[in-house]
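*Asks:* This is the structure I have questions about; it appears just below.
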Amino acid sequence: MTPNTPPAVPEVIQGGMGFYISTPRLANIVSRLGGRGTVSGVALERVLALELQRGDIGGHFRRALARFPFPAIAEMVLKEFFIEEGNPLGLKPRSIPVFSIKPSPLLIALCACANFSCIWLAKEGHDEPVSVNYLEKIAMPHIYAITGAMLAGVDFITMGAGLPFQVPDVISAIIDGRTANYDVPVIGQNIHSYTMSFDPEKFFGAKLPPLKRPGFIPIVASNTLVWAIAKKIRKGMIVNGIVVEEPSAGGHNAPPRSNGAYGPDDEVDYSKIAKLLAEFNLPYWIGGSKASPEKLKWAKSVGAAGIQVGSIFALCRESGMKSSIRRELCRIGYEGKLQVRTDMRVSPTGYPFKVVIFPGSMSEESVLASRKKVCDQGVLRTLFEQLDGSIGYRCPAEPLDSYLAKGGKAEDTEDAGCMCGGLWSIAGLGDGGKPPLITMGDDVSFLPRIMKHSEDSYGAADGLRYLRGY
Ligand SMILES: Cc1cc2nc3c(=O)[nH]c(=O)nc-3n(C[C@H](O)[C@H](O)[C@H](O)COP(=O)(O)O)c2cc1C
């Protein structure tokens, strides 16, 4: 691929949905059918470790790991986490290492192998392009995760929830066999970031095989950010398309631009974006409540290549969502009763997050009030400067005493649920001990147009067929 020219421009991008809602299986089928399948790259190291401990039913991860170009590294991961008979006694799962600025070799190996195997599985059996999606804010794994995904030949990297401007340099470094660097943000008086570095050749003990350059597609929410990207492109940054996501989209949203509420300032002027991007021959897609053939047509009429959709694929059979929750959401949504609110406080990333009102989930005050405060997954921990100048880690969902002792503010903890645990539960990956935290976009009006009755279900192919209008 030459810089700034995409090889294929799909009308429909299936958005990355974490944790493990956009599975390799979902991405595989969407890409096969000519959409752009995307694997959620968030916390894949935890997904792989858990699936291996459950016995890797179907042998999918072992099949992928057998193709990892550095067999000793894959072997190290299997030796540590694979349990042949699964976990029949329901023993406490083996602890999975948590990211810090100096991850252990085991965690680096796990992360690279996890990203490799998920992309390998998403690409298995067809030649269509596949994307991986990361959240910029969850920055510590990036250099290892991107390496793993590139080893599997990932075709595109999409990234939002922050300004992902470091990604093109990471890609270049990995391709050139140089050390990849990533500045992760640190909250502090004197320290504002820490540069993590990864020399893949040194770690794997051999040169990387020749790698192709994946396209890079930032996800942004405003004209201002599209302009900022254009400025970077003029200075040489390689970008292969842009997703513009409106605040009605599922998952995290961009914060409102004024007065704490979305309003006219958040509206995007697509005619300006289309004009600007035409200058670079770059496609763009529009996300957020665009899951209908009419909206797809509209997106194209304002110069977009198509749409990025999430909720319609989160609710299809191939998504990673726990089937009991998925069926209930489909039923409520079919009846037009699904309620979603934008929660400004629940996510430790500081970004607004769409929360579905659902009994027994973290949307209920009583559930939040009865929660035991604990931070046992650590995916969303933020880095801060400690008094002695070293870097510490904290999450508003951890026990109040320890959060305060780390300089955190009490008011940040009031409505903070354990987001990692909540997202883990919806993907059916949790230990059952944490209430789910369910996210969905504002608009699920596609449900009665795809489902025949409230107990019906649909596949990714039905979703795509509907979006394409046939
Ligand atoms: C369950 C769910 C999880 C999501 N997780 C992520 C994520 O991890 N990263 C991301 O960039 N976008 C995430 N999104 C946003 C989608 O990728 C997509 O852009 C968005 O859902 C489009 O809006 P729609 O839901 O109205 O179709 C998520 C959306 C949903 C519904």
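Please note that chains go A, B, ... in the order of the structure tokens, that every chain numbers its residues from 1, and that ligands are numbered from 1 in the order shown.
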Can you list every residue of chain A that has an atom at most 6 Å from ligand 1, with its nearest atom pair and the distance in Å to one decimal, using only C-alpha atoms and all ligand atoms, ordered by chain then number, as a tab-separated table?

*Replies:*
residue	atom	partner	partner_atom_place_in_ligand_line	distance
A:Gly15	CA	ligand 1	17 (O)	3.3
A:Gly16	CA	ligand 1	17 (O)	4.3
A:Met17	CA	ligand 1	5 (N)	3.2
A:Gly18	CA	ligand 1	8 (O)	3.7
A:Leu135	CA	ligand 1	9 (N)	5.7
A:Met159	CA	ligand 1	11 (O)	6.0
A:Gly160	CA	ligand 1	11 (O)	5.2
A:Ala249	CA	ligand 1	23 (O)	3.5
A:Gly250	CA	ligand 1	29 (C)	3.9
A:Gly251	CA	ligand 1	28 (C)	3.9
A:Gly287	CA	ligand 1	22 (C)	4.6
A:Gly288	CA	ligand 1	23 (O)	3.5
A:Ser289	CA	ligand 1	26 (O)	3.6
A:Lys290	CA	ligand 1	27 (O)	5.9
A:Ala291	CA	ligand 1	27 (O)	5.7
A:Gln308	CA	ligand 1	19 (O)	5.6
A:Val309	CA	ligand 1	27 (O)	3.5
A:Gly310	CA	ligand 1	21 (O)	3.2
A:Ser311	CA	ligand 1	25 (O)	3.8
A:Ala314	CA	ligand 1	1 (C)	5.6
A:Thr439	CA	ligand 1	1 (C)	4.9
A:Met440	CA	ligand 1	31 (C)	4.0
A:Gly441	CA	ligand 1	25 (O)	3.9
A:Asp443	CA	ligand 1	26 (O)	5.8

*Asks:* Got time to write the residues from that selection, C-alpha atoms, as a PDB file, in the first residue's frame?

*Replies:*
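Heads up, here's the output in out_26.pdb:
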ATOM      1  CA  GLY A  15     -16.568  -1.010  14.663  1.00  0.00           C
ATOM      2  CA  GLY A  16     -14.162  -2.353  17.248  1.00  0.00           C
ATOM      3  CA  MET A  17     -16.068  -3.144  20.425  1.00  0.00           C
ATOM      4  CA  GLY A  18     -14.304  -3.982  23.638  1.00  0.00           C
ATOM      5  CA  LEU A 135      -8.263   2.753  22.575  1.00  0.00           C
ATOM      6  CA  MET A 159      -7.902   4.085  17.098  1.00  0.00           C
ATOM      7  CA  GLY A 160      -9.957   6.621  19.034  1.00  0.00           C
ATOM      8  CA  ALA A 249     -22.392   6.052  19.214  1.00  0.00           C
ATOM      9  CA  GLY A 250     -22.057   3.134  21.607  1.00  0.00           C
ATOM     10  CA  GLY A 251     -19.065   2.816  23.934  1.00  0.00           C
ATOM     11  CA  GLY A 287     -20.391   6.492  12.977  1.00  0.00           C
ATOM     12  CA  GLY A 288     -23.130   6.860  15.606  1.00  0.00           C
ATOM     13  CA  SER A 289     -26.767   5.826  14.953  1.00  0.00           C
ATOM     14  CA  LYS A 290     -26.132   5.247  11.266  1.00  0.00           C
ATOM     15  CA  ALA A 291     -27.263   1.624  11.060  1.00  0.00           C
ATOM     16  CA  GLN A 308     -19.045   2.674  10.907  1.00  0.00           C
ATOM     17  CA  VAL A 309     -21.610   0.771  12.950  1.00  0.00           C
ATOM     18  CA  GLY A 310     -21.335  -1.014  16.272  1.00  0.00           C
ATOM     19  CA  SER A 311     -24.602  -1.770  18.059  1.00  0.00           C
ATOM     20  CA  ALA A 314     -22.884  -6.177  19.064  1.00  0.00           C
ATOM     21  CA  THR A 439     -23.031  -0.217  26.443  1.00  0.00           C
ATOM     22  CA  MET A 440     -24.975   0.392  23.278  1.00  0.00           C
ATOM     23  CA  GLY A 441     -25.573   3.284  20.915  1.00  0.00           C
ATOM     24  CA  ASP A 443     -30.396   4.017  18.314  1.00  0.00           C
TER      25      ASP A 443
END

*Asks:* Counting only C-alpha atoms, what is within 8 Å of region 38-47 of chain A, bar same-chain residues fewer than 4 positions away, as a ChimeraX atom specification?

*Replies:* /A:13-24,26-27,51,96,107,110-115,118-119,122,130-135,138,145,379,429

*Asks:* Please determine, counting only C-alpha atoms, which residue among A:Ile426, A:Ile29, A:Leu467, A:Leu400 has the shortest atom-to-atom distance to Pro129 (chain A).

*Replies:*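 Of all the options, A:Ile29 lies closest to Pro129 (chain A).
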
*Asks:* Pick out the closest residue to Ala274 (chain A) from this set: A:Gly430, A:Gly463, A:Pro97, A:Gly303. Count only C-alpha atoms.

*Replies:*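 The shortest atom-to-atom distance to Ala274 (chain A) comes from A:Gly303.
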
*Asks:* Could you find all residues in region 109-352 of chain A that DSSP calls helix (DSSP H, G or I) from the backbone, and write them as a PyMOL selection string?

*Replies:* chain A and resi 109-123+142-151+167-176+200-204+223-234+264-266+270-279+293-301+311-314+323-334

*Asks:* Fewer than 3 positions away in the same chain doesn't count, so skip those; otherwise give me all residues within 9 Å of Val9 (chain A), counting only C-alpha atoms, as a count of residues only.

*Replies:* 6

*Asks:* Quick one: everything within 6 Å of region 220-223 of chain A, counting only C-alpha atoms, minus sequence neighbours fewer than 5 positions away in the same chain. Send it as a ChimeraX atom specification.

*Replies:* /A:244-246,268

*Asks:* Using only N, CA and C atoms, please write the residues we just selected to a file, as an mmCIF file, in the first residue's frame.

*Replies:*
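Saved to result.cif:
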data_model
loop_
_atom_site.group_PDB
_atom_site.id
_atom_site.type_symbol
_atom_site.label_atom_id
_atom_site.label_comp_id
_atom_site.auth_asym_id
_atom_site.auth_seq_id
_atom_site.Cartn_x
_atom_site.Cartn_y
_atom_site.Cartn_z
ATOM 1 N N VAL A 244 -15.421 9.484 11.534
ATOM 2 C CA VAL A 244 -15.945 10.599 12.329
ATOM 3 C C VAL A 244 -17.136 10.044 13.108
ATOM 4 N N GLU A 245 -17.029 10.086 14.433
ATOM 5 C CA GLU A 245 -18.052 9.433 15.250
ATOM 6 C C GLU A 245 -18.852 10.451 16.031
ATOM 7 N N GLU A 246 -20.164 10.377 15.904
ATOM 8 C CA GLU A 246 -21.052 11.324 16.596
ATOM 9 C C GLU A 246 -21.329 10.829 18.020
ATOM 10 N N VAL A 268 -21.076 18.234 13.421
ATOM 11 C CA VAL A 268 -19.962 18.144 12.470
ATOM 12 C C VAL A 268 -20.434 18.673 11.124
#

*Asks:* Give the answer as one residue: which of A:Leu163, A:Met419, A:Ile450, A:Ile174 has the shortest atom-to-atom distance to Tyr470 (chain A), using only C-alpha atoms?

*Replies:* A:Ile450

*Asks:* Using only C-alpha atoms, what table do you get, as a tab-separated table, when you list each residue of region 302-405 of chain A with an atom no more than 10 Å from region 459-462 of chain A, its nearest pair of atoms, and their distance in Å rounded to one decimal, rows by chain then rising number?

*Replies:*
residue	atom	partner	partner_atom	distance
A:Ile312	CA	A:Ala460	CA	8.3
A:Phe313	CA	A:Ala460	CA	6.2
A:Ala314	CA	A:Ala460	CA	9.2
A:Leu315	CA	A:Gly459	CA	8.7
A:Cys316	CA	A:Gly459	CA	5.0
A:Arg317	CA	A:Gly459	CA	5.1
A:Glu318	CA	A:Gly459	CA	6.5
A:Ser319	CA	A:Ala460	CA	8.3
